[in-house]
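These notes concern the structure reproduced below.
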Amino acid sequence: MQRSLTPREAAVYDALRAHPGRLLSRRDLTRIAGLDDRSERRVDGVLVGLREALGSDAIITVRQRGWRLRGEDD
């Protein structure tokens, strides 16, 4: 990890870690990370910050489906 995570970044990271190998949609991440009070699009900005902290290749994007953490098999 290159820097400390913000509380929102940590919540999204924890959501991704809790579901290894599973794609999580924007709606899934918003709900699981407790960001319900924000627009679902807010997750996009949180993911940008999370990639800055973890490294650009730490999170895999599957276009129009969702995100997951890069695993050992990737």
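Labels for the structure tokens follow display order: chains A, B, ..., residues from 1 in each chain, ligands from 1.
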Check your understanding: Can you list, as a VMD selection string, every protein, DNA or RNA residue that comes within 7 Å of stretch 53-62 of chain A when you count only C-alpha atoms, leaving out same-chain residues fewer than 4 positions away?
Key -> chain A and resid 1 to 5 49 66 to 70
Check your understanding: Can you list, as a PyMOL selection string, every protein, DNA or RNA residue that comes within 7 Å of A:Ala15 when you count only C-alpha atoms, leaving out same-chain residues fewer than 6 positions away?
Key -> chain A and resi 29+32-33
Exercise for review: Using only C-alpha atoms, pick whichever of A:Gln64, A:Asp37, A:Asp73, A:Arg42 has the shortest atom-to-atom distance to A:Pro20.
Suggested key: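 So, comparing all the options, the nearest one is A:Asp73.
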Practice item. Once DSSP has gone over the backbone, tell me which residues of chain A are in strand (DSSP E), as a ChimeraX atom specification. Key: /A:59-62,66-69
**Study point:** Those of chain A in DSSP alpha helix (DSSP H), formatted as number ranges by chain
**Key:** A: 7-18, 26-32, 42-54
Exercise for review: One decimal, Å: what's the distance from atom CA of A:Arg8 over to atom CA of A:Asp74, could you say?
Suggested key: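 These two atoms are separated by 25.7 Å.
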Practice item. Excluding A:Thr30 and any residue of its chain fewer than 4 positions from it, enumerate the residues within 7 Å of it, using only C-alpha atoms, and give them as an MDAnalysis selection string. Key: chainID A and resid 26 34:36 40 43
Check your understanding: Could you pull the residues within 10 Å of A:Pro7, counting only C-alpha atoms, minus those fewer than 5 positions along the same chain, as a list in words?
Key ->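 What passes the distance filter is Val12, Tyr13, Ala33 and Val46 of chain A.
Of the listed residues (A:Arg31, A:Glu9, A:Asp14, A:Arg22), A:Glu9 comes nearest to A:Glu52; the distances count only C-alpha atoms.
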